[in-house]
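Enquirer: Structure supplied as start.txt; contents: compact mmCIF, C-alpha atoms.
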```txt
# COMPACT_ATOMS: atom_id res chain seq x y z
CA MET L 1 -28.25 16.05 33.82
CA LYS L 2 -29.71 18.24 31.11
CA GLU L 3 -26.72 17.42 28.93
CA LYS L 4 -27.27 13.70 29.36
CA ILE L 5 -30.93 13.95 28.47
CA SER L 6 -30.20 15.93 25.34
CA MET L 7 -27.56 13.40 24.37
CA LEU L 8 -30.04 10.57 24.88
CA VAL L 9 -32.66 12.38 22.83
CA PHE L 10 -30.15 12.96 20.05
CA VAL L 11 -29.06 9.32 19.93
CA ILE L 12 -32.65 8.06 19.89
CA PHE L 13 -33.51 10.58 17.20
CA LEU L 14 -30.49 9.62 15.08
CA GLY L 15 -31.18 5.92 15.49
CA THR L 16 -34.84 6.27 14.58
CA ILE L 17 -34.16 8.33 11.49
CA SER L 18 -31.41 6.11 10.12
CA ALA L 19 -33.28 2.90 10.94
CA GLY L 20 -36.44 4.31 9.40
CA LEU L 21 -34.56 5.31 6.27
CA LEU L 22 -33.01 1.86 5.92
CA VAL L 23 -36.28 0.02 6.54
CA GLY L 24 -38.09 2.29 4.11
CA ILE L 25 -35.59 1.93 1.30
CA ASN L 26 -35.29 -1.79 1.94
CA SER L 27 -39.00 -2.52 1.71
CA TYR L 28 -39.27 -0.28 -1.34
CA THR L 29 -36.42 -1.93 -3.24
CA THR L 30 -36.75 -5.58 -2.13
CA PRO L 31 -39.18 -6.71 -4.87
CA LYS L 32 -37.01 -5.08 -7.53
CA VAL L 33 -33.83 -6.55 -6.07
CA LEU L 34 -35.37 -10.03 -6.00
CA LYS L 35 -36.47 -9.70 -9.59
CA ASN L 36 -32.99 -8.58 -10.62
CA LYS L 37 -31.55 -11.58 -8.80
CA GLU L 38 -33.85 -14.00 -10.60
CA LEU L 39 -32.98 -12.45 -13.96
CA LYS L 40 -29.32 -12.61 -13.05
CA ILE L 41 -29.51 -16.36 -12.36
CA LYS L 42 -31.50 -16.98 -15.52
CA SER L 43 -29.11 -14.95 -17.66
CA SER L 44 -26.11 -16.68 -16.06
CA ILE L 45 -27.58 -20.07 -16.90
CA LEU L 46 -28.15 -18.99 -20.47
CA ALA L 47 -24.64 -17.55 -20.66
CA VAL L 48 -22.97 -20.64 -19.21
CA LEU L 49 -24.74 -22.78 -21.82
CA SER L 50 -23.72 -20.27 -24.52
CA ILE L 51 -27.33 -19.63 -25.49
CA GLU L 52 -27.77 -16.18 -26.94
CA TYR L 53 -30.34 -13.88 -25.40
CA SER L 54 -31.36 -10.26 -25.57
CA LYS L 55 -31.52 -8.22 -22.40
CA ASN L 56 -35.28 -7.66 -22.56
CA GLU L 57 -36.27 -11.24 -23.21
CA ILE L 58 -34.29 -13.17 -20.63
CA SER L 59 -37.34 -14.84 -19.10
CA GLU L 60 -38.82 -15.77 -22.50
CA THR L 61 -35.57 -17.23 -23.86
CA PHE L 62 -35.09 -19.09 -20.61
CA ALA L 63 -38.59 -20.62 -20.73
CA GLN L 64 -38.06 -21.74 -24.32
CA ASN L 65 -34.69 -23.40 -23.83
CA ILE L 66 -34.45 -24.61 -20.28
CA GLU L 67 -36.42 -27.17 -18.38
CA ILE L 68 -36.51 -26.91 -14.60
CA ILE L 69 -36.23 -30.21 -12.74
CA LYS L 70 -37.03 -30.51 -9.04
CA LYS L 71 -35.78 -33.48 -7.05
CA ASP L 72 -35.58 -33.87 -3.26
CA ASN L 73 -35.77 -30.10 -2.66
CA ALA L 74 -32.97 -29.51 -5.15
CA VAL L 75 -33.38 -27.70 -8.43
CA PHE L 76 -31.58 -28.52 -11.67
CA TYR L 77 -31.87 -27.00 -15.08
CA ARG L 78 -31.71 -29.07 -18.24
CA SER L 79 -31.08 -27.65 -21.67
CA LYS L 80 -32.35 -29.06 -24.96
CA ASN L 81 -28.93 -30.64 -25.53
CA ASN L 82 -29.21 -32.51 -22.21
CA GLU L 83 -26.64 -30.35 -20.50
CA ILE L 84 -27.30 -30.04 -16.78
CA VAL L 85 -26.90 -26.79 -14.86
CA PHE L 86 -27.12 -26.33 -11.12
CA GLU L 87 -26.57 -23.49 -8.73
CA PHE L 88 -23.82 -23.61 -6.16
CA SER L 89 -22.89 -21.51 -3.16
CA GLY L 90 -20.49 -21.56 -0.25
CA SER L 91 -18.25 -19.32 1.77
CA GLY L 92 -15.23 -17.74 0.17
CA LEU L 93 -12.44 -16.03 2.05
CA TRP L 94 -14.37 -12.85 2.88
CA GLY L 95 -17.97 -13.56 2.02
CA PRO L 96 -20.36 -15.90 0.28
CA ILE L 97 -19.61 -17.03 -3.27
CA SER L 98 -22.42 -18.28 -5.46
CA GLY L 99 -22.88 -19.08 -9.10
CA VAL L 100 -23.95 -21.67 -11.63
CA ILE L 101 -22.07 -24.63 -13.03
CA ALA L 102 -22.92 -26.45 -16.25
CA LEU L 103 -22.01 -30.07 -17.03
CA ASN L 104 -21.63 -31.56 -20.48
CA PRO L 105 -24.25 -34.15 -21.50
CA ASP L 106 -21.86 -36.99 -20.49
CA LEU L 107 -22.20 -35.65 -16.91
CA LYS L 108 -18.48 -36.19 -16.35
CA THR L 109 -16.93 -32.94 -17.43
CA ILE L 110 -17.57 -29.26 -16.79
CA LYS L 111 -19.00 -27.18 -19.59
CA GLY L 112 -18.62 -23.89 -17.80
CA ILE L 113 -18.87 -21.96 -14.56
CA LYS L 114 -20.24 -18.51 -13.96
CA ILE L 115 -20.13 -16.61 -10.70
CA THR L 116 -23.15 -14.55 -9.77
CA HIS L 117 -22.00 -13.20 -6.44
CA GLN L 118 -18.70 -12.84 -4.60
CA GLU L 119 -17.14 -10.41 -2.14
CA GLU L 120 -13.45 -11.23 -2.49
CA THR L 121 -10.74 -8.57 -2.53
CA PRO L 122 -11.02 -6.64 -5.79
CA GLY L 123 -8.05 -7.35 -8.03
CA LEU L 124 -6.88 -10.39 -6.07
CA GLY L 125 -9.49 -12.95 -5.02
CA GLY L 126 -12.10 -10.93 -6.88
CA ARG L 127 -10.57 -12.15 -10.13
CA ILE L 128 -12.29 -15.52 -9.70
CA SER L 129 -15.25 -14.10 -11.59
CA GLU L 130 -13.06 -13.15 -14.55
CA LYS L 131 -13.42 -15.07 -17.76
CA GLU L 132 -9.73 -16.01 -18.03
CA PHE L 133 -9.86 -17.87 -14.73
CA LEU L 134 -13.24 -19.55 -15.27
CA ASP L 135 -12.29 -20.64 -18.80
CA GLY L 136 -9.70 -22.87 -17.13
CA PHE L 137 -12.52 -25.09 -15.86
CA LYS L 138 -13.79 -25.97 -19.32
CA ASP L 139 -13.86 -29.72 -20.03
CA LYS L 140 -12.18 -30.61 -16.75
CA ASN L 141 -13.02 -34.06 -15.51
CA ILE L 142 -13.84 -33.76 -11.85
CA PHE L 143 -15.87 -36.85 -11.06
CA GLN L 144 -13.06 -39.34 -10.68
CA LYS L 145 -10.69 -37.13 -8.76
CA SER L 146 -11.72 -33.95 -6.99
CA LEU L 147 -10.84 -30.68 -8.57
CA ALA L 148 -7.58 -28.96 -7.61
CA ILE L 149 -6.71 -25.35 -8.23
CA VAL L 150 -2.92 -25.34 -8.51
CA LYS L 151 -0.16 -22.76 -8.54
CA GLY L 152 1.49 -22.33 -11.90
CA LYS L 153 0.35 -24.30 -14.94
CA ALA L 154 -2.25 -27.02 -14.62
CA SER L 155 -1.08 -30.31 -16.13
CA LYS L 156 -3.75 -32.92 -15.32
CA ASP L 157 -7.36 -33.01 -16.39
CA TYR L 158 -8.66 -32.29 -12.91
CA GLU L 159 -6.34 -29.34 -12.29
CA VAL L 160 -7.01 -25.66 -12.94
CA ASP L 161 -4.59 -22.70 -13.00
CA GLY L 162 -4.83 -20.68 -9.80
CA ILE L 163 -4.70 -16.91 -9.39
CA THR L 164 -1.43 -15.45 -8.15
CA GLY L 165 -1.91 -13.63 -4.87
CA ALA L 166 -5.27 -15.24 -4.19
CA THR L 167 -4.30 -18.63 -2.79
CA MET L 168 -6.85 -18.55 0.03
CA THR L 169 -9.74 -17.59 -2.22
CA CYS L 170 -8.76 -20.29 -4.71
CA LYS L 171 -8.66 -22.83 -1.92
CA ALA L 172 -12.12 -21.77 -0.74
CA PHE L 173 -13.46 -21.86 -4.28
CA GLU L 174 -12.00 -25.33 -4.84
CA ASP L 175 -13.77 -26.56 -1.68
CA ILE L 176 -17.06 -25.02 -2.76
CA ILE L 177 -16.93 -26.65 -6.18
CA ASN L 178 -15.94 -30.05 -4.79
CA LYS L 179 -18.62 -29.99 -2.10
CA ASN L 180 -21.31 -29.01 -4.56
CA ILE L 181 -20.25 -31.59 -7.13
CA LYS L 182 -20.38 -34.24 -4.42
CA LYS L 183 -23.82 -33.14 -3.34
CA PHE L 184 -24.94 -33.22 -6.96
CA THR L 185 -23.61 -36.72 -7.67
CA GLU L 186 -25.38 -38.04 -4.60
CA LEU L 187 -28.62 -36.47 -5.74
CA ALA L 188 -28.24 -37.63 -9.31
CA LYS L 189 -27.92 -41.30 -8.31
CA MET Z 190 -15.79 45.97 1.75
CA VAL Z 191 -17.51 43.56 -0.66
CA LYS Z 192 -14.29 43.16 -2.57
CA LYS Z 193 -12.42 42.41 0.58
CA LEU Z 194 -14.95 39.73 1.53
CA GLU Z 195 -14.73 38.24 -1.92
CA LYS Z 196 -10.98 38.08 -1.69
CA LEU Z 197 -11.19 36.46 1.72
CA SER Z 198 -13.66 33.84 0.62
CA TYR Z 199 -11.59 33.16 -2.45
CA THR Z 200 -8.51 32.47 -0.40
CA ARG Z 201 -10.52 30.25 1.95
CA VAL Z 202 -11.98 28.21 -0.91
CA GLY Z 203 -8.61 28.11 -2.60
CA ARG Z 204 -6.96 26.99 0.58
CA ILE Z 205 -9.43 24.16 1.14
CA ILE Z 206 -8.90 22.88 -2.38
CA ILE Z 207 -5.11 23.08 -2.20
CA ASN Z 208 -5.10 21.43 1.23
CA GLY Z 209 -7.13 18.46 0.06
CA LEU Z 210 -5.26 17.94 -3.15
CA TRP Z 211 -1.76 18.71 -1.99
CA ARG Z 212 -0.77 20.13 1.39
CA ASP Z 213 -3.05 17.90 3.50
CA ASN Z 214 -3.46 15.13 0.94
CA PRO Z 215 -5.20 12.20 2.67
CA ILE Z 216 -2.71 9.62 1.44
CA PHE Z 217 0.72 11.16 1.71
CA CYS Z 218 0.20 13.83 4.35
CA MET Z 219 -2.53 12.63 6.69
CA VAL Z 220 -1.73 8.99 5.84
CA LEU Z 221 -5.41 8.03 6.01
CA GLY Z 222 -7.13 5.39 3.92
CA ILE Z 223 -3.93 3.37 3.60
CA CYS Z 224 -5.68 0.00 3.91
CA SER Z 225 -7.77 0.52 0.82
CA SER Z 226 -4.91 2.09 -1.11
CA LEU Z 227 -2.85 -1.04 -0.52
CA ALA Z 228 -5.68 -3.42 -1.33
CA ILE Z 229 -7.24 -2.13 -4.49
CA THR Z 230 -4.55 -0.28 -6.44
CA ASN Z 231 -3.52 -3.27 -8.53
CA ARG Z 232 -5.90 -2.30 -11.34
CA VAL Z 233 -6.71 1.21 -12.56
CA GLU Z 234 -10.44 0.50 -12.84
CA ASN Z 235 -10.57 -0.58 -9.18
CA ALA Z 236 -8.84 2.64 -8.18
CA ILE Z 237 -11.31 4.76 -10.13
CA ALA Z 238 -14.34 2.97 -8.65
CA MET Z 239 -12.99 3.23 -5.13
CA GLY Z 240 -12.01 6.88 -5.60
CA LEU Z 241 -15.49 7.80 -6.81
CA GLY Z 242 -17.17 5.89 -3.99
CA VAL Z 243 -15.04 7.47 -1.27
CA THR Z 244 -15.40 10.95 -2.77
CA PHE Z 245 -19.17 10.57 -2.80
CA ALA Z 246 -19.28 9.29 0.78
CA THR Z 247 -16.94 12.00 2.09
CA VAL Z 248 -18.81 14.84 0.38
CA PHE Z 249 -22.24 13.86 1.64
CA THR Z 250 -21.22 12.72 5.10
CA SER Z 251 -19.30 15.97 5.62
CA GLY Z 252 -22.29 17.93 4.33
CA ILE Z 253 -24.79 16.24 6.65
CA ILE Z 254 -22.49 16.36 9.69
CA SER Z 255 -21.85 20.02 9.09
CA ALA Z 256 -25.57 20.77 8.72
CA ILE Z 257 -26.39 19.23 12.10
CA ARG Z 258 -23.09 20.05 13.81
CA ASN Z 259 -24.70 22.28 16.44
CA PHE Z 260 -26.94 19.45 17.63
CA ILE Z 261 -24.33 16.71 17.90
CA PRO Z 262 -23.35 16.14 21.53
CA GLY Z 263 -19.56 15.90 21.86
CA ARG Z 264 -19.54 12.53 23.54
CA VAL Z 265 -21.40 10.67 20.81
CA ARG Z 266 -19.95 12.46 17.79
CA MET Z 267 -17.87 9.51 16.56
CA ILE Z 268 -20.87 7.17 16.60
CA THR Z 269 -22.83 9.83 14.76
CA TYR Z 270 -20.27 10.01 11.92
CA MET Z 271 -20.28 6.24 11.63
CA VAL Z 272 -24.09 5.94 11.61
CA ILE Z 273 -24.52 8.70 9.04
CA ALA Z 274 -21.78 7.41 6.73
CA SER Z 275 -23.00 3.82 6.80
CA THR Z 276 -26.69 4.71 6.45
CA LEU Z 277 -25.87 6.86 3.46
CA VAL Z 278 -23.69 4.30 1.73
CA ILE Z 279 -26.14 1.43 2.34
CA CYS Z 280 -29.07 3.49 1.04
CA VAL Z 281 -27.19 4.28 -2.15
CA ASP Z 282 -26.06 0.68 -2.48
CA GLN Z 283 -29.64 -0.56 -2.11
CA PHE Z 284 -30.86 1.99 -4.64
CA LEU Z 285 -28.22 0.88 -7.16
CA LYS Z 286 -29.11 -2.76 -6.56
CA ALA Z 287 -32.73 -2.07 -7.46
CA PHE Z 288 -32.32 0.24 -10.41
CA PHE Z 289 -28.78 -0.19 -11.74
CA PRO Z 290 -27.87 -3.81 -10.99
CA VAL Z 291 -24.85 -3.72 -13.31
CA ILE Z 292 -23.20 -0.79 -11.52
CA SER Z 293 -24.13 -2.28 -8.16
CA GLU Z 294 -22.39 -5.51 -9.05
CA ALA Z 295 -19.23 -3.67 -9.97
CA MET Z 296 -19.38 -1.67 -6.73
CA GLY Z 297 -20.38 -4.61 -4.51
CA PRO Z 298 -17.05 -5.43 -2.88
CA TYR Z 299 -16.22 -1.77 -2.27
CA VAL Z 300 -19.22 -0.90 -0.12
CA GLY Z 301 -17.67 -2.20 3.09
CA LEU Z 302 -14.35 -0.58 2.28
CA ILE Z 303 -16.01 2.79 1.63
CA ILE Z 304 -17.99 2.85 4.89
CA THR Z 305 -14.94 2.03 6.97
CA ASN Z 306 -12.60 4.35 5.11
CA CYS Z 307 -10.82 6.57 7.62
CA ILE Z 308 -11.04 9.61 5.35
CA VAL Z 309 -14.81 9.82 5.77
CA MET Z 310 -14.51 9.93 9.56
CA GLY Z 311 -11.28 11.88 9.50
CA ARG Z 312 -12.76 14.77 7.52
CA ALA Z 313 -15.94 14.77 9.60
CA GLU Z 314 -13.92 15.08 12.80
CA ALA Z 315 -11.23 17.44 11.51
CA PHE Z 316 -13.35 19.75 9.40
CA ALA Z 317 -17.10 19.27 9.06
CA ILE Z 318 -17.86 19.37 12.79
CA LYS Z 319 -16.66 22.99 13.06
CA ASN Z 320 -17.27 24.49 9.62
CA PRO Z 321 -20.34 25.58 7.63
CA VAL Z 322 -21.97 23.31 5.07
CA GLY Z 323 -20.55 24.85 1.89
CA TYR Z 324 -16.95 24.63 3.03
CA SER Z 325 -17.49 21.13 4.35
CA LEU Z 326 -18.86 19.91 1.04
CA LEU Z 327 -15.89 21.47 -0.73
CA ASP Z 328 -13.46 19.99 1.76
CA GLY Z 329 -15.00 16.55 1.29
CA LEU Z 330 -14.74 16.91 -2.47
CA SER Z 331 -11.12 18.06 -2.49
CA CYS Z 332 -10.03 15.37 -0.04
CA GLY Z 333 -11.89 12.75 -2.06
CA MET Z 334 -10.19 13.93 -5.22
CA GLY Z 335 -6.82 13.99 -3.48
CA TYR Z 336 -7.38 10.40 -2.42
CA SER Z 337 -8.57 9.36 -5.88
CA TYR Z 338 -5.63 10.75 -7.79
CA ALA Z 339 -3.17 9.17 -5.38
CA LEU Z 340 -4.90 5.81 -5.91
CA ILE Z 341 -4.94 6.25 -9.68
CA VAL Z 342 -1.23 7.15 -9.83
CA MET Z 343 -0.36 4.09 -7.74
CA SER Z 344 -2.62 1.79 -9.70
CA ILE Z 345 -1.18 2.94 -13.04
CA ILE Z 346 2.31 2.02 -11.83
CA ARG Z 347 1.17 -1.29 -10.36
CA GLU Z 348 -0.98 -2.42 -13.25
CA THR Z 349 1.71 -1.52 -15.79
CA LEU Z 350 4.39 -3.48 -13.95
CA ALA Z 351 2.21 -6.37 -12.80
CA PHE Z 352 0.08 -7.05 -15.85
CA GLY Z 353 1.63 -4.90 -18.61
CA THR Z 354 -1.70 -3.15 -19.13
CA ILE Z 355 -3.56 0.03 -18.20
CA LEU Z 356 -7.36 -0.32 -17.96
CA ARG Z 357 -6.77 -3.74 -19.54
CA ILE Z 358 -5.26 -2.17 -22.65
CA ARG Z 359 -1.80 -3.53 -23.37
CA VAL Z 360 0.88 -0.84 -22.94
CA MET Z 361 4.04 -2.86 -22.49
CA PRO Z 362 5.76 -4.70 -25.34
CA GLU Z 363 4.98 -8.41 -25.71
CA ILE Z 364 8.38 -9.46 -24.34
CA TRP Z 365 7.60 -7.74 -21.03
CA THR Z 366 7.68 -10.18 -18.13
CA ASN Z 367 4.93 -9.41 -15.62
CA TRP Z 368 6.19 -8.49 -12.18
CA VAL Z 369 3.61 -10.54 -10.34
CA VAL Z 370 4.88 -9.25 -7.00
CA MET Z 371 3.48 -5.81 -7.85
CA ALA Z 372 -0.05 -7.23 -7.89
CA MET Z 373 0.38 -8.62 -4.42
CA ALA Z 374 0.77 -7.14 -0.95
CA PRO Z 375 4.59 -6.75 -0.93
CA GLY Z 376 4.48 -4.74 -4.16
CA ALA Z 377 1.80 -2.53 -2.68
CA PHE Z 378 3.85 -1.83 0.44
CA ILE Z 379 7.02 -1.04 -1.51
CA LEU Z 380 5.19 1.25 -3.90
CA LEU Z 381 3.20 3.03 -1.17
CA ALA Z 382 6.37 3.66 0.82
CA SER Z 383 8.20 5.04 -2.21
CA TYR Z 384 5.17 7.13 -3.13
CA LEU Z 385 4.95 8.60 0.38
CA TRP Z 386 8.66 9.34 0.39
CA ILE Z 387 8.66 11.08 -2.99
CA MET Z 388 5.48 13.06 -2.38
CA ARG Z 389 6.45 14.11 1.12
CA THR Z 390 9.82 15.29 -0.15
CA LEU Z 391 8.16 17.25 -2.95
CA ALA Z 392 5.59 18.76 -0.57
CA HIS Z 393 8.29 19.60 2.03
CA ILE Z 394 6.57 17.74 4.83
CA GLU Z 395 9.00 17.35 7.71
CA PRO Z 396 8.46 14.76 10.42
CA GLU Z 397 7.39 16.45 13.65
CA LYS Z 398 10.27 17.04 16.04
CA LYS Z 399 9.70 15.96 19.58
```
How would this structure read if it were set down as structure tokens?

Expert:
Amino acid sequence: MKEKISMLVFVIFLGTISAGLLVGINSYTTPKVLKNKELKIKSSILAVLSIEYSKNEISETFAQNIEIIKKDNAVFYRSKNNEIVFEFSGSGLWGPISGVIALNPDLKTIKGIKITHQEETPGLGGRISEKEFLDGFKDKNIFQKSLAIVKGKASKDYEVDGITGATMTCKAFEDIINKNIKKFTELAK
Amino acid sequence: MVKKLEKLSYTRVGRIIINGLWRDNPIFCMVLGICSSLAITNRVENAIAMGLGVTFATVFTSGIISAIRNFIPGRVRMITYMVIASTLVICVDQFLKAFFPVISEAMGPYVGLIITNCIVMGRAEAFAIKNPVGYSLLDGLSCGMGYSYALIVMSIIRETLAFGTILRIRVMPEIWTNWVVMAMAPGAFILLASYLWIMRTLAHIEPEKK
């Protein structure tokens, strides 16, 4: 009996301490984490539009160059050259994938994609955030036919080279992009 | 008397280090942490990040477990290891997210893999629960290092064959054809098996006779 009570006391004690620690550190860091997230999105939008910025003036550069448009609860960003950027998110193979996608002023082709968050297997699916893969999306026309990430070399203007060993992640990413583009075209009407 | 004690402690410390790095190496002797060694050894930088993360988690979890080892009831010890390891890793992850977002981003995908790494629990159960804090810290460190170097050796072989690079710097001649299979699961299995075979032969580890 005594043993059981001491075990119970220990478990309660352990639970309280670890939960307290987590709650404490979470409430302490949340504002900073949110701020980092906001800066991350802003800097990604600047980067995807190839606007140069210095690390300390992300917010200022962003305010000067980008106009925020709100429509039906959705948010777009418009640059001075009339390029449109919007955020996208969806589920990858292992966790959520989110990022920003920029369209050329003709609103038919992709200017660039940048991934802000992903939890895919490092070295395999995780390579979707690498520049070599994302560069493949440049100037792809995805409004007539939906985007396809293919094995081997892409030959058509709606196809993109896939990543070897990451077929499932590529498939998930393809779905995310297509869904978000569809949602965007409906909103933009 | 003092000299004798010194000698004894030296051999103990020496033994712990040699065990972690060689005789009881987590990868090729204890065969722990195999999942992560298969998954992330296709690039050297991944191996280094994972090695550092696991070393950190093993050292501190072992240290804490060892410090409170006399209070841990036997029946809930496993849960205790798990709670301590995950609390620790999440706290550090949260701290990095707030103050070093760049590092945190690079470490992001590894956090789950580090918490669930068998080595952290394995060392807590096999060593920290019955040894004093100092030795436990050292044991965690040497096992972490043993794990890291095994990962780095494997990743050097895999990255060279699969991409022709090491840490993204080209090492193979331009005419080299990438062995894509080495970046994928089959390559990892073949290499891990060969690595285990070679290292176990070198370390004279015999399979247990029944």

Enquirer: Measuring atom to atom with only C-alpha atoms, identify which of Z:Met310, Z:Val369, Z:Leu326, Z:Leu356 is nearest to chain L.

Expert: Z:Val369

Enquirer: Using all atoms listed in the file for the distances, tell me which of L:Ala166, L:Ala148, L:Val9, L:Leu103 is nearest to L:Phe76.

Expert: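 Counting all atoms listed in the file, the residue closest to L:Phe76 is L:Leu103.
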
Enquirer: Just checking: using all atoms listed in the file, which residue out of L:Ile58, L:Leu49, L:Leu124, L:Leu93 ends up closest to chain Z?

Expert: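 Under the stated criterion, the closest residue is L:Leu124.
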
Enquirer: May I have a table of the residues of chain Z lying at most 8 Å from chain L, giving each one's closest pair of atoms and their distance in Å to one decimal, counting only C-alpha atoms, ordered by chain and ascending residue number, as CSV?

Expert:
```
residue,atom,partner,partner_atom,distance
Z:Ala228,CA,L:Thr121,CA,7.3
Z:Ile229,CA,L:Pro122,CA,6.0
Z:Asn231,CA,L:Gly123,CA,6.1
Z:Arg232,CA,L:Gly123,CA,6.4
Z:Asn235,CA,L:Pro122,CA,7.0
Z:Phe260,CA,L:Phe10,CA,7.6
Z:Ile261,CA,L:Phe10,CA,7.2
Z:Pro262,CA,L:Met7,CA,5.8
Z:Val265,CA,L:Met7,CA,7.6
Z:Thr269,CA,L:Leu14,CA,7.7
Z:Val272,CA,L:Ser18,CA,7.5
Z:Ile273,CA,L:Ser18,CA,7.4
Z:Thr276,CA,L:Ser18,CA,6.1
Z:Ile279,CA,L:Leu22,CA,7.8
Z:Cys280,CA,L:Leu22,CA,6.5
Z:Gln283,CA,L:Thr29,CA,7.0
Z:Phe284,CA,L:Thr29,CA,6.9
Z:Lys286,CA,L:Val33,CA,6.1
Z:Ala287,CA,L:Val33,CA,4.8
Z:Phe288,CA,L:Lys32,CA,7.7
Z:Pro290,CA,L:Asn36,CA,7.0
Z:Gly297,CA,L:Glu119,CA,7.1
Z:Pro298,CA,L:Glu119,CA,5.0
Z:Tyr299,CA,L:Pro122,CA,7.9
Z:Val369,CA,L:Thr164,CA,7.4
Z:Ala372,CA,L:Gly165,CA,7.3
Z:Met373,CA,L:Gly165,CA,5.5
```

Enquirer: Could you give me, as a PyMOL selection string, the residues that have an atom at most 9 Å away from the point (-19.1, -32.6, -19.1) in the coordinates of the file, using all atoms listed in the file?

Expert: chain L and resi 83-84+102-112+138-141

Enquirer: Could you pull the residues within 12 Å of Z:Glu314, counting all atoms listed in the file, minus those fewer than 2 positions along the same chain, as a list in words?

Expert: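 Residues meeting the cut-off are Thr247, Thr250, Ser251, Ile254, Ser255, Arg258, Ile261, Gly263, Val265, Arg266, Met267, Ile268, Thr269, Tyr270, Met271, Cys307, Ile308, Val309, Met310, Gly311, Arg312, Phe316, Ala317, Ile318, Lys319, Asn320, Ser325 and Gly329 of chain Z.
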
Enquirer: Go ahead and compute the interatomic distance for atom CA of Z:Val233 and atom CA of Z:Arg347, in Å to one decimal.

Expert: 8.6 Å

Enquirer: Between atom CA of Z:Gly335 and atom CA of Z:Met371, measure the distance and give it in Å to one decimal.

Expert: 22.7 Å

Enquirer: Using only C-alpha atoms, can you tell me which of L:Lys70, L:Lys156, L:Lys114, L:Lys171 comes closest to L:Ile142?

Expert: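 Of L:Lys70, L:Lys156, L:Lys114, L:Lys171, the one nearest L:Ile142 is L:Lys156, counting only C-alpha atoms.
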
Enquirer: Contacts of Z:Ile345 at 12 Å or less, counting all atoms listed in the file, minus same-chain residues fewer than 2 places along, as a PyMOL selection string?

Expert: chain Z and resi 229-237+338-343+347-358+360+371-372+380

Enquirer: Leaving out Z:Leu227 and any residue of its chain fewer than 3 positions from it, which residues lie within 8 Å of it when counting only C-alpha atoms, given as a list in words?

Expert: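 Selected residues are Ile223, Cys224, Thr230, Ala374, Ala377, Phe378 and Leu381 of chain Z.
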
Enquirer: Write out as a PyMOL selection string the residues lying within 9 Å of L:Lys80, counting all atoms listed in the file and excluding same-chain residues fewer than 2 positions away.

Expert: chain L and resi 65-67+78+82-83

Enquirer: Kindly indicate which residue among L:Ser129, L:Ser27, L:Ser54, L:Asn180 lies nearest to L:Gly90, using all atoms listed in the file for the distances.

Expert: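 Of the candidates, the smallest distance to L:Gly90 is held by L:Asn180.
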
Enquirer: Quote the spacing between atom CA of L:Glu38 and atom CA of Z:Leu241 in Å to one decimal place.

Expert: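 Pair atom CA of L:Glu38 / atom CA of Z:Leu241 returns 28.8 Å.
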
Enquirer: Counting only C-alpha atoms, which residue out of Z:Asn208, Z:Phe289, Z:Ile346, Z:Trp386 sits closest to Z:Trp368?

Expert: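 The shortest atom-to-atom distance to Z:Trp368 comes from Z:Ile346.
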
Enquirer: Pick out the residues sitting within 7 Å of L:Thr169, and hand them over as a ChimeraX atom specification; count all atoms listed in the file, and ignore anything fewer than 4 positions along from it in its own chain.

Expert: /L:92-93,125,173

Enquirer: Please reconstruct the missing atoms of stretch 151-157 of chain L (target: N, CA, C and O atoms) and return them as a PDB file, keeping the file's coordinate frame.

Expert:
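Output (selection.pdb):
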```
ATOM      1  N   LYS L 151      -1.031 -23.882  -8.196  1.00  0.00           N
ATOM      2  CA  LYS L 151      -0.160 -22.760  -8.540  1.00  0.00           C
ATOM      3  C   LYS L 151       0.561 -23.090  -9.834  1.00  0.00           C
ATOM      4  O   LYS L 151       0.926 -24.229 -10.063  1.00  0.00           O
ATOM      5  N   GLY L 152       0.788 -22.089 -10.650  1.00  0.00           N
ATOM      6  CA  GLY L 152       1.490 -22.330 -11.900  1.00  0.00           C
ATOM      7  C   GLY L 152       0.571 -22.962 -12.922  1.00  0.00           C
ATOM      8  O   GLY L 152      -0.637 -22.774 -12.890  1.00  0.00           O
ATOM      9  N   LYS L 153       1.140 -23.745 -13.833  1.00  0.00           N
ATOM     10  CA  LYS L 153       0.350 -24.300 -14.940  1.00  0.00           C
ATOM     11  C   LYS L 153      -0.288 -25.622 -14.530  1.00  0.00           C
ATOM     12  O   LYS L 153       0.343 -26.483 -13.942  1.00  0.00           O
ATOM     13  N   ALA L 154      -1.558 -25.770 -14.884  1.00  0.00           N
ATOM     14  CA  ALA L 154      -2.250 -27.020 -14.620  1.00  0.00           C
ATOM     15  C   ALA L 154      -1.820 -28.053 -15.646  1.00  0.00           C
ATOM     16  O   ALA L 154      -1.682 -27.745 -16.824  1.00  0.00           O
ATOM     17  N   SER L 155      -1.542 -29.299 -15.177  1.00  0.00           N
ATOM     18  CA  SER L 155      -1.080 -30.310 -16.130  1.00  0.00           C
ATOM     19  C   SER L 155      -2.058 -31.461 -16.275  1.00  0.00           C
ATOM     20  O   SER L 155      -2.137 -32.080 -17.326  1.00  0.00           O
ATOM     21  N   LYS L 156      -2.837 -31.775 -15.233  1.00  0.00           N
ATOM     22  CA  LYS L 156      -3.750 -32.920 -15.320  1.00  0.00           C
ATOM     23  C   LYS L 156      -5.165 -32.449 -15.610  1.00  0.00           C
ATOM     24  O   LYS L 156      -5.457 -31.259 -15.506  1.00  0.00           O
ATOM     25  N   ASP L 157      -6.030 -33.424 -15.951  1.00  0.00           N
ATOM     26  CA  ASP L 157      -7.360 -33.010 -16.390  1.00  0.00           C
ATOM     27  C   ASP L 157      -8.315 -32.682 -15.254  1.00  0.00           C
ATOM     28  O   ASP L 157      -9.464 -32.380 -15.465  1.00  0.00           O
TER      29      ASP L 157
END
```
